[in-house]
Amino acid sequence: MTLLSVENLSVELGRRPVLHGLDLAVGPGEFVGLIGPNGAGKSTLLRSALHLLPAQGQVRLCGTDSTAMSARERAACVAYLAQEREIAWAVPVEMVVALGRSPHRPGFAALTERDRAIVDAAMRRMDVEAFRHRIATELSGGEKARVLAARALAQDTPLLLADEPTAGLDPAHQIALMRLFDSLAADGRSVVASLHDLGLAARWCSRLILLDKGRIVADGPPSGVLTPANLRAIYGVEAFFGEVDGAPIVHPLDLAAPD
Ligand SMILES: Nc1ncnc2c1ncn2[C@@H]1O[C@H](COP(=O)(O)OP(=O)(O)OP(=O)(O)O)[C@@H](O)[C@H]1O
């Protein structure tokens with residue numbers, strides 16, 4: 001079963017076409033990096049797949065037409081980590097993370113033992129346990145990002161869509177997050193994450209989808225997508241290419257010479 005599929009997905013924002021009839025399918029066990037320059041349409045793709053934006057075309061989540069799903073059903077299938085790291089309420093970190101359990105609980109029911117275990121595990125995995133009692137709005141940008149990632153993990157969904165999840169994280173926490181997404185995929189879940197760090201994308205993702213001007217221009221294993229020609233044509237950069245333990249290493253070095 002595909003966990004996410006979009007067919008002929010088109011989006012217009014402010015009367016400007018932003019996505020042009022995209023088709024893609026993501027199955028269990030994939031860690032997909034959504035890459036492309038600023039304005040390529042990465043956030044728009046993630047947000048329209050979640051019905052946060054009006055779109056044309058079909059979106060299926062966990063095998064079901066998403067328009068036929070209730071908000072609760074959608075939340076049981078897909079967790080979303082937004083680009084904006086806004087935490088609206090001045091409440092303790094553990095309370096923010098516990099919100100991830102809301103779709104699994106009726107109304108205002110108290111957390112069960114299992115809920116608490118999942119919330120604790122999510123906090124451990126995102127290394128936020130040490131400040132679980134601190135007020136979430138008083139944390140640093142990177143700490144808030146980890147708290148929101150823990151909340152998304154606590155949702156315990158088969159599919160996770162994450163918009164620039166590594167932005168603002170220090171190198172150790174960036175790698176820890178990539179490892180975590182890799183392990184979620186190894187458990188048979190799917191992660192689709194927009195990424196600007198091509199080094200992380202090359203090293204950790206099982207598949208990359210390269211967007212440019214609202215179209216998919218390459219889709220496949222990192223070594224097939226992050227080619228010198230694509231980096232030059234789409235990003236306008238020259239890069240160093242290497243390999244460690246069979247994984248590609250890509251590091252942008254300089255602007256490409258104009259054609
Ligand atoms: N509300 C809006 N009204 C009009 N145009 C919009 C709106 N929101 C986004 N856009 C445009 O849609 C295009 C795609 O934006 P999107 O945020 O999806 O790009 P992105 O690939 O996520 O970029 P970035 O890497 O900079 O976050 C951009 O050209 C942007 O200016």
# chains A, B, ... in the order shown; residues from 1 in each chain; ligands from 1
$ select_by_dssp --residues "region 89-163 of chain A" --states "strand (DSSP E or B)" --output "PyMOL selection string"
chain A and resi 92+135+159-163
$ closest_atom_pairs --of "chain A" --to "ligand 1" --cutoff "12 Å" --atoms "only C-alpha atoms and all ligand atoms" --output "CSV"
residue,atom,partner,partner_atom_place_in_ligand_line,distance
A:Ser10,CA,ligand 1,12 (O),11.7
A:Val11,CA,ligand 1,12 (O),8.9
A:Glu12,CA,ligand 1,5 (N),7.7
A:Leu13,CA,ligand 1,4 (C),4.3
A:Gly14,CA,ligand 1,4 (C),4.2
A:Arg15,CA,ligand 1,4 (C),7.2
A:Arg16,CA,ligand 1,5 (N),6.4
A:Pro17,CA,ligand 1,12 (O),7.9
A:Val18,CA,ligand 1,12 (O),5.1
A:Leu19,CA,ligand 1,14 (C),7.8
A:His20,CA,ligand 1,14 (C),11.3
A:Leu34,CA,ligand 1,21 (O),8.8
A:Ile35,CA,ligand 1,21 (O),7.7
A:Gly36,CA,ligand 1,21 (O),6.2
A:Pro37,CA,ligand 1,25 (O),5.7
A:Asn38,CA,ligand 1,26 (O),3.4
A:Gly39,CA,ligand 1,19 (O),3.4
A:Ala40,CA,ligand 1,21 (O),3.8
A:Gly41,CA,ligand 1,18 (O),3.2
A:Lys42,CA,ligand 1,21 (O),3.8
A:Ser43,CA,ligand 1,22 (O),3.7
A:Thr44,CA,ligand 1,18 (O),3.7
A:Leu45,CA,ligand 1,18 (O),6.5
A:Leu46,CA,ligand 1,18 (O),8.1
A:Arg47,CA,ligand 1,18 (O),8.3
A:Ser48,CA,ligand 1,18 (O),9.5
A:Ala49,CA,ligand 1,18 (O),11.9
A:Leu52,CA,ligand 1,1 (N),11.7
A:Leu53,CA,ligand 1,1 (N),9.4
A:Pro54,CA,ligand 1,1 (N),11.1
A:Ala82,CA,ligand 1,22 (O),10.8
A:Gln83,CA,ligand 1,27 (O),7.9
A:Glu84,CA,ligand 1,27 (O),10.3
A:Ala162,CA,ligand 1,22 (O),11.2
A:Asp163,CA,ligand 1,22 (O),7.8
A:Glu164,CA,ligand 1,27 (O),7.8
A:Pro165,CA,ligand 1,27 (O),11.5
A:Ala167,CA,ligand 1,27 (O),10.7
A:Ala193,CA,ligand 1,22 (O),10.9
A:Ser194,CA,ligand 1,22 (O),7.6
A:Leu195,CA,ligand 1,25 (O),8.1
A:His196,CA,ligand 1,25 (O),7.0
A:Asp197,CA,ligand 1,25 (O),10.8
A:Ile209,CA,ligand 1,21 (O),11.8
A:Leu210,CA,ligand 1,21 (O),10.0
A:Leu211,CA,ligand 1,21 (O),7.6
A:Asp212,CA,ligand 1,21 (O),8.0
A:Lys213,CA,ligand 1,29 (O),7.6
A:Gly214,CA,ligand 1,14 (C),7.1
A:Arg215,CA,ligand 1,21 (O),10.6
A:Ile216,CA,ligand 1,21 (O),11.5
A:Tyr235,CA,ligand 1,25 (O),11.5
$ write_last_selection --atoms "C-alpha atoms" --output "PDB file, in the first residue's frame"
ATOM      1  CA  SER A  10      -1.832  21.373  -9.142  1.00  0.00           C
ATOM      2  CA  VAL A  11      -1.872  24.382  -6.860  1.00  0.00           C
ATOM      3  CA  GLU A  12      -2.402  28.064  -7.548  1.00  0.00           C
ATOM      4  CA  LEU A  13      -1.532  30.647  -4.922  1.00  0.00           C
ATOM      5  CA  GLY A  14      -2.508  34.277  -5.407  1.00  0.00           C
ATOM      6  CA  ARG A  15      -3.515  33.338  -8.991  1.00  0.00           C
ATOM      7  CA  ARG A  16       0.021  32.084  -9.691  1.00  0.00           C
ATOM      8  CA  PRO A  17       0.416  28.428 -10.655  1.00  0.00           C
ATOM      9  CA  VAL A  18       2.848  26.983  -8.089  1.00  0.00           C
ATOM     10  CA  LEU A  19       2.571  23.208  -8.640  1.00  0.00           C
ATOM     11  CA  HIS A  20       1.953  21.810 -12.116  1.00  0.00           C
ATOM     12  CA  LEU A  34      12.192  16.666  -1.041  1.00  0.00           C
ATOM     13  CA  ILE A  35      14.812  19.008  -2.409  1.00  0.00           C
ATOM     14  CA  GLY A  36      14.918  22.040  -4.680  1.00  0.00           C
ATOM     15  CA  PRO A  37      15.794  25.727  -4.600  1.00  0.00           C
ATOM     16  CA  ASN A  38      13.856  28.381  -2.678  1.00  0.00           C
ATOM     17  CA  GLY A  39      10.362  28.748  -4.086  1.00  0.00           C
ATOM     18  CA  ALA A  40      10.446  25.394  -5.942  1.00  0.00           C
ATOM     19  CA  GLY A  41       7.193  24.326  -4.263  1.00  0.00           C
ATOM     20  CA  LYS A  42       8.362  21.914  -1.525  1.00  0.00           C
ATOM     21  CA  SER A  43       6.254  23.399   1.287  1.00  0.00           C
ATOM     22  CA  THR A  44       3.316  23.808  -1.061  1.00  0.00           C
ATOM     23  CA  LEU A  45       3.484  20.116  -1.961  1.00  0.00           C
ATOM     24  CA  LEU A  46       3.604  19.047   1.696  1.00  0.00           C
ATOM     25  CA  ARG A  47       0.849  21.446   2.741  1.00  0.00           C
ATOM     26  CA  SER A  48      -1.480  20.575  -0.120  1.00  0.00           C
ATOM     27  CA  ALA A  49      -1.027  16.854   0.580  1.00  0.00           C
ATOM     28  CA  LEU A  52      -3.809  22.833   4.368  1.00  0.00           C
ATOM     29  CA  LEU A  53      -4.025  24.476   0.937  1.00  0.00           C
ATOM     30  CA  PRO A  54      -6.656  24.239  -1.801  1.00  0.00           C
ATOM     31  CA  ALA A  82       5.711  22.552   9.895  1.00  0.00           C
ATOM     32  CA  GLN A  83       8.480  24.871   8.791  1.00  0.00           C
ATOM     33  CA  GLU A  84       7.386  27.492  11.339  1.00  0.00           C
ATOM     34  CA  ALA A 162       8.447  17.278   7.711  1.00  0.00           C
ATOM     35  CA  ASP A 163       9.214  20.730   6.318  1.00  0.00           C
ATOM     36  CA  GLU A 164      12.896  21.592   6.778  1.00  0.00           C
ATOM     37  CA  PRO A 165      13.136  19.591  10.008  1.00  0.00           C
ATOM     38  CA  ALA A 167      16.863  23.865  10.046  1.00  0.00           C
ATOM     39  CA  ALA A 193      11.205  15.682   4.512  1.00  0.00           C
ATOM     40  CA  SER A 194      12.050  18.853   2.643  1.00  0.00           C
ATOM     41  CA  LEU A 195      15.744  19.539   3.007  1.00  0.00           C
ATOM     42  CA  HIS A 196      18.147  22.261   1.939  1.00  0.00           C
ATOM     43  CA  ASP A 197      21.218  20.475   3.263  1.00  0.00           C
ATOM     44  CA  ILE A 209      12.646  14.096  -5.313  1.00  0.00           C
ATOM     45  CA  LEU A 210      14.056  17.224  -6.910  1.00  0.00           C
ATOM     46  CA  LEU A 211      11.527  19.988  -7.512  1.00  0.00           C
ATOM     47  CA  ASP A 212      12.089  23.048  -9.656  1.00  0.00           C
ATOM     48  CA  LYS A 213       9.503  25.709 -10.480  1.00  0.00           C
ATOM     49  CA  GLY A 214       6.651  23.478  -9.326  1.00  0.00           C
ATOM     50  CA  ARG A 215       7.679  20.397 -11.330  1.00  0.00           C
ATOM     51  CA  ILE A 216       9.478  17.168 -10.438  1.00  0.00           C
ATOM     52  CA  TYR A 235      20.807  25.055  -8.005  1.00  0.00           C
TER      53      TYR A 235
END
$ closest_residue --among "A:Val192, A:Met178, A:Val244, A:Ala256" --to "Ala229 (chain A)" --atoms "only C-alpha atoms"
A:Ala256
$ select_by_dssp --residues "region 65-193 of chain A" --states "helix (DSSP H, G or I)" --output "ChimeraX atom specification"
/A:66-68,71-77,93-104,113-125,129-131,136-138,141-154,171-186
$ residues_around --residues "Leu9 (chain A)" --least-positions-apart "5" --cutoff "6 Å" --atoms "only C-alpha atoms" --output "PyMOL selection string"
chain A and resi 21-22+56-57
$ closest_residue --among "A:Ala172, A:Ala186, A:Ala98, A:Met69" --to "Ala152 (chain A)" --atoms "only C-alpha atoms"
A:Ala98
$ closest_residue --among "A:Val191, A:Ile135, A:Gln155, A:Met126" --to "Ile175 (chain A)" --atoms "only C-alpha atoms"
A:Met126
$ atom_distance --atom1 "CA of Ala218 (chain A)" --atom2 "CA of Leu184 (chain A)"
24.1 Å
$ residues_around --residues "Glu73 (chain A)" --least-positions-apart "4" --cutoff "12 Å" --atoms "only C-alpha atoms" --output "list in words"
Leu50, Leu61, Cys62, Gly63, Thr64, Asp65, Ser66, Thr67, Ala68, Met69, Cys77, Val78, Ala79, Ser102, Pro103, His104 and Thr157 of chain A
$ write_last_selection --atoms "N, CA and C atoms" --output "compact mmCIF listing (two decimals), in the first residue's frame"
# COMPACT_ATOMS: atom_id res chain seq x y z
N LEU A 50 -1.67 17.69 2.76
CA LEU A 50 -2.34 17.64 4.06
C LEU A 50 -3.64 18.43 4.08
N LEU A 61 -4.01 9.15 1.29
CA LEU A 61 -3.20 8.98 2.49
C LEU A 61 -3.49 7.60 3.06
N CYS A 62 -2.45 6.82 3.30
CA CYS A 62 -2.62 5.46 3.82
C CYS A 62 -3.65 4.69 2.99
N GLY A 63 -3.64 4.90 1.69
CA GLY A 63 -4.48 4.13 0.78
C GLY A 63 -5.88 4.67 0.59
N THR A 64 -6.25 5.75 1.30
CA THR A 64 -7.62 6.26 1.22
C THR A 64 -7.64 7.66 0.61
N ASP A 65 -8.64 7.90 -0.22
CA ASP A 65 -8.83 9.24 -0.79
C ASP A 65 -8.94 10.23 0.37
N SER A 66 -8.04 11.20 0.41
CA SER A 66 -7.97 12.04 1.61
C SER A 66 -9.21 12.91 1.78
N THR A 67 -9.93 13.19 0.70
CA THR A 67 -11.13 14.02 0.86
C THR A 67 -12.24 13.23 1.59
N ALA A 68 -12.11 11.90 1.60
CA ALA A 68 -13.12 11.09 2.28
C ALA A 68 -12.75 10.82 3.75
N MET A 69 -11.63 11.42 4.20
CA MET A 69 -11.17 11.14 5.57
C MET A 69 -11.55 12.29 6.50
N CYS A 77 -3.07 8.87 10.30
CA CYS A 77 -2.21 8.40 9.20
C CYS A 77 -0.93 9.22 9.09
N VAL A 78 -1.08 10.54 9.24
CA VAL A 78 0.07 11.40 8.90
C VAL A 78 0.31 12.46 9.97
N ALA A 79 1.57 12.59 10.36
CA ALA A 79 1.99 13.68 11.25
C ALA A 79 2.73 14.70 10.41
N SER A 102 -3.36 13.43 20.89
CA SER A 102 -4.78 13.86 20.79
C SER A 102 -5.60 13.06 19.79
N PRO A 103 -5.07 12.79 18.56
CA PRO A 103 -5.92 12.08 17.60
C PRO A 103 -6.27 10.66 18.05
N HIS A 104 -5.54 10.14 19.03
CA HIS A 104 -5.76 8.76 19.46
C HIS A 104 -6.67 8.69 20.67
N THR A 157 2.44 7.85 13.76
CA THR A 157 1.73 7.61 12.49
C THR A 157 2.59 6.82 11.52
$ atom_distance --atom1 "CA of Pro248 (chain A)" --atom2 "CA of Ala150 (chain A)"
28.5 Å
$ residues_around --residues "Asp254 (chain A)" --least-positions-apart "2" --cutoff "7 Å" --atoms "only C-alpha atoms" --output "list in words"
Val237, Glu238, Ala239, Pro252 and Ala256 of chain A
$ closest_residue --among "A:Pro158, A:Leu226, A:Leu200, A:Arg146" --to "Glu30 (chain A)" --atoms "only C-alpha atoms"
A:Pro158
$ atom_distance --atom1 "CA of Phe108 (chain A)" --atom2 "CA of Val96 (chain A)"
14.7 Å
$ decode --residues "region 135-176 of chain A" --atoms "N, CA and C atoms" --output "short mmCIF file (atom, residue, chain, number, x, y, z; two decimals), in the first residue's frame"
data_model
loop_
_atom_site.label_atom_id
_atom_site.label_comp_id
_atom_site.auth_asym_id
_atom_site.auth_seq_id
_atom_site.Cartn_x
_atom_site.Cartn_y
_atom_site.Cartn_z
N ILE A 135 8.97 25.72 30.33
CA ILE A 135 7.89 26.30 29.53
C ILE A 135 8.36 26.35 28.07
N ALA A 136 7.58 25.74 27.20
CA ALA A 136 8.03 25.51 25.82
C ALA A 136 8.34 26.81 25.08
N THR A 137 7.58 27.88 25.38
CA THR A 137 7.79 29.14 24.65
C THR A 137 9.11 29.81 25.05
N GLU A 138 9.74 29.34 26.14
CA GLU A 138 10.97 29.97 26.61
C GLU A 138 12.23 29.25 26.11
N LEU A 139 12.05 28.28 25.20
CA LEU A 139 13.21 27.52 24.71
C LEU A 139 13.87 28.21 23.53
N SER A 140 15.08 27.77 23.20
CA SER A 140 15.77 28.30 22.02
C SER A 140 15.08 27.76 20.76
N GLY A 141 15.44 28.33 19.60
CA GLY A 141 14.81 27.90 18.35
C GLY A 141 15.01 26.42 18.08
N GLY A 142 16.24 25.94 18.24
CA GLY A 142 16.54 24.53 17.97
C GLY A 142 15.86 23.61 18.98
N GLU A 143 15.80 24.07 20.25
CA GLU A 143 15.12 23.26 21.27
C GLU A 143 13.63 23.15 20.95
N LYS A 144 13.03 24.28 20.54
CA LYS A 144 11.60 24.24 20.16
C LYS A 144 11.40 23.27 19.00
N ALA A 145 12.32 23.32 18.03
CA ALA A 145 12.19 22.43 16.87
C ALA A 145 12.19 20.98 17.31
N ARG A 146 13.05 20.65 18.29
CA ARG A 146 13.11 19.26 18.77
C ARG A 146 11.84 18.88 19.53
N VAL A 147 11.28 19.83 20.27
CA VAL A 147 10.03 19.56 21.00
C VAL A 147 8.90 19.27 20.00
N LEU A 148 8.85 20.08 18.92
CA LEU A 148 7.78 19.87 17.93
C LEU A 148 7.99 18.56 17.17
N ALA A 149 9.26 18.19 16.96
CA ALA A 149 9.53 16.89 16.33
C ALA A 149 9.08 15.77 17.26
N ALA A 150 9.31 15.94 18.57
CA ALA A 150 8.86 14.92 19.54
C ALA A 150 7.34 14.81 19.51
N ARG A 151 6.65 15.95 19.39
CA ARG A 151 5.18 15.90 19.32
C ARG A 151 4.73 15.12 18.09
N ALA A 152 5.39 15.37 16.95
CA ALA A 152 5.03 14.64 15.73
C ALA A 152 5.31 13.15 15.90
N LEU A 153 6.41 12.82 16.55
CA LEU A 153 6.73 11.39 16.78
C LEU A 153 5.69 10.74 17.68
N ALA A 154 5.25 11.51 18.70
CA ALA A 154 4.27 10.97 19.65
C ALA A 154 2.94 10.65 18.96
N GLN A 155 2.73 11.26 17.81
CA GLN A 155 1.49 10.98 17.05
C GLN A 155 1.52 9.54 16.53
N ASP A 156 2.74 8.99 16.41
CA ASP A 156 2.91 7.55 16.12
C ASP A 156 2.17 7.13 14.85
N THR A 157 2.44 7.85 13.76
CA THR A 157 1.73 7.61 12.49
C THR A 157 2.59 6.82 11.52
N PRO A 158 1.97 6.17 10.55
CA PRO A 158 2.76 5.47 9.52
C PRO A 158 3.52 6.43 8.62
N LEU A 159 3.04 7.68 8.52
CA LEU A 159 3.62 8.65 7.58
C LEU A 159 3.95 9.94 8.32
N LEU A 160 5.13 10.46 8.04
CA LEU A 160 5.54 11.74 8.63
C LEU A 160 5.98 12.67 7.51
N LEU A 161 5.38 13.85 7.44
CA LEU A 161 5.79 14.88 6.48
C LEU A 161 6.46 16.00 7.27
N ALA A 162 7.68 16.32 6.91
CA ALA A 162 8.45 17.28 7.71
C ALA A 162 9.03 18.35 6.79
N ASP A 163 8.77 19.61 7.15
CA ASP A 163 9.21 20.73 6.32
C ASP A 163 10.47 21.33 6.94
N GLU A 164 11.59 21.12 6.30
CA GLU A 164 12.90 21.59 6.78
C GLU A 164 13.13 21.26 8.26
N PRO A 165 13.04 19.97 8.60
CA PRO A 165 13.14 19.59 10.01
C PRO A 165 14.51 19.81 10.62
N THR A 166 15.56 19.91 9.78
CA THR A 166 16.90 20.05 10.36
C THR A 166 17.32 21.52 10.51
N ALA A 167 16.49 22.44 9.97
CA ALA A 167 16.86 23.86 10.05
C ALA A 167 16.98 24.29 11.51
N GLY A 168 18.07 24.93 11.83
CA GLY A 168 18.25 25.44 13.19
C GLY A 168 18.78 24.43 14.18
N LEU A 169 18.98 23.18 13.75
CA LEU A 169 19.53 22.18 14.68
C LEU A 169 21.05 22.15 14.57
N ASP A 170 21.74 21.88 15.69
CA ASP A 170 23.19 21.74 15.65
C ASP A 170 23.53 20.42 14.93
N PRO A 171 24.81 20.27 14.50
CA PRO A 171 25.14 19.08 13.69
C PRO A 171 24.77 17.75 14.35
N ALA A 172 25.01 17.63 15.65
CA ALA A 172 24.70 16.35 16.30
C ALA A 172 23.20 16.06 16.26
N HIS A 173 22.40 17.10 16.51
CA HIS A 173 20.95 16.87 16.50
C HIS A 173 20.42 16.70 15.07
N GLN A 174 21.10 17.32 14.09
CA GLN A 174 20.70 17.08 12.68
C GLN A 174 20.91 15.60 12.34
N ILE A 175 22.09 15.10 12.69
CA ILE A 175 22.40 13.71 12.36
C ILE A 175 21.48 12.77 13.14
N ALA A 176 21.24 13.11 14.41
CA ALA A 176 20.35 12.26 15.22
C ALA A 176 18.96 12.20 14.58
#
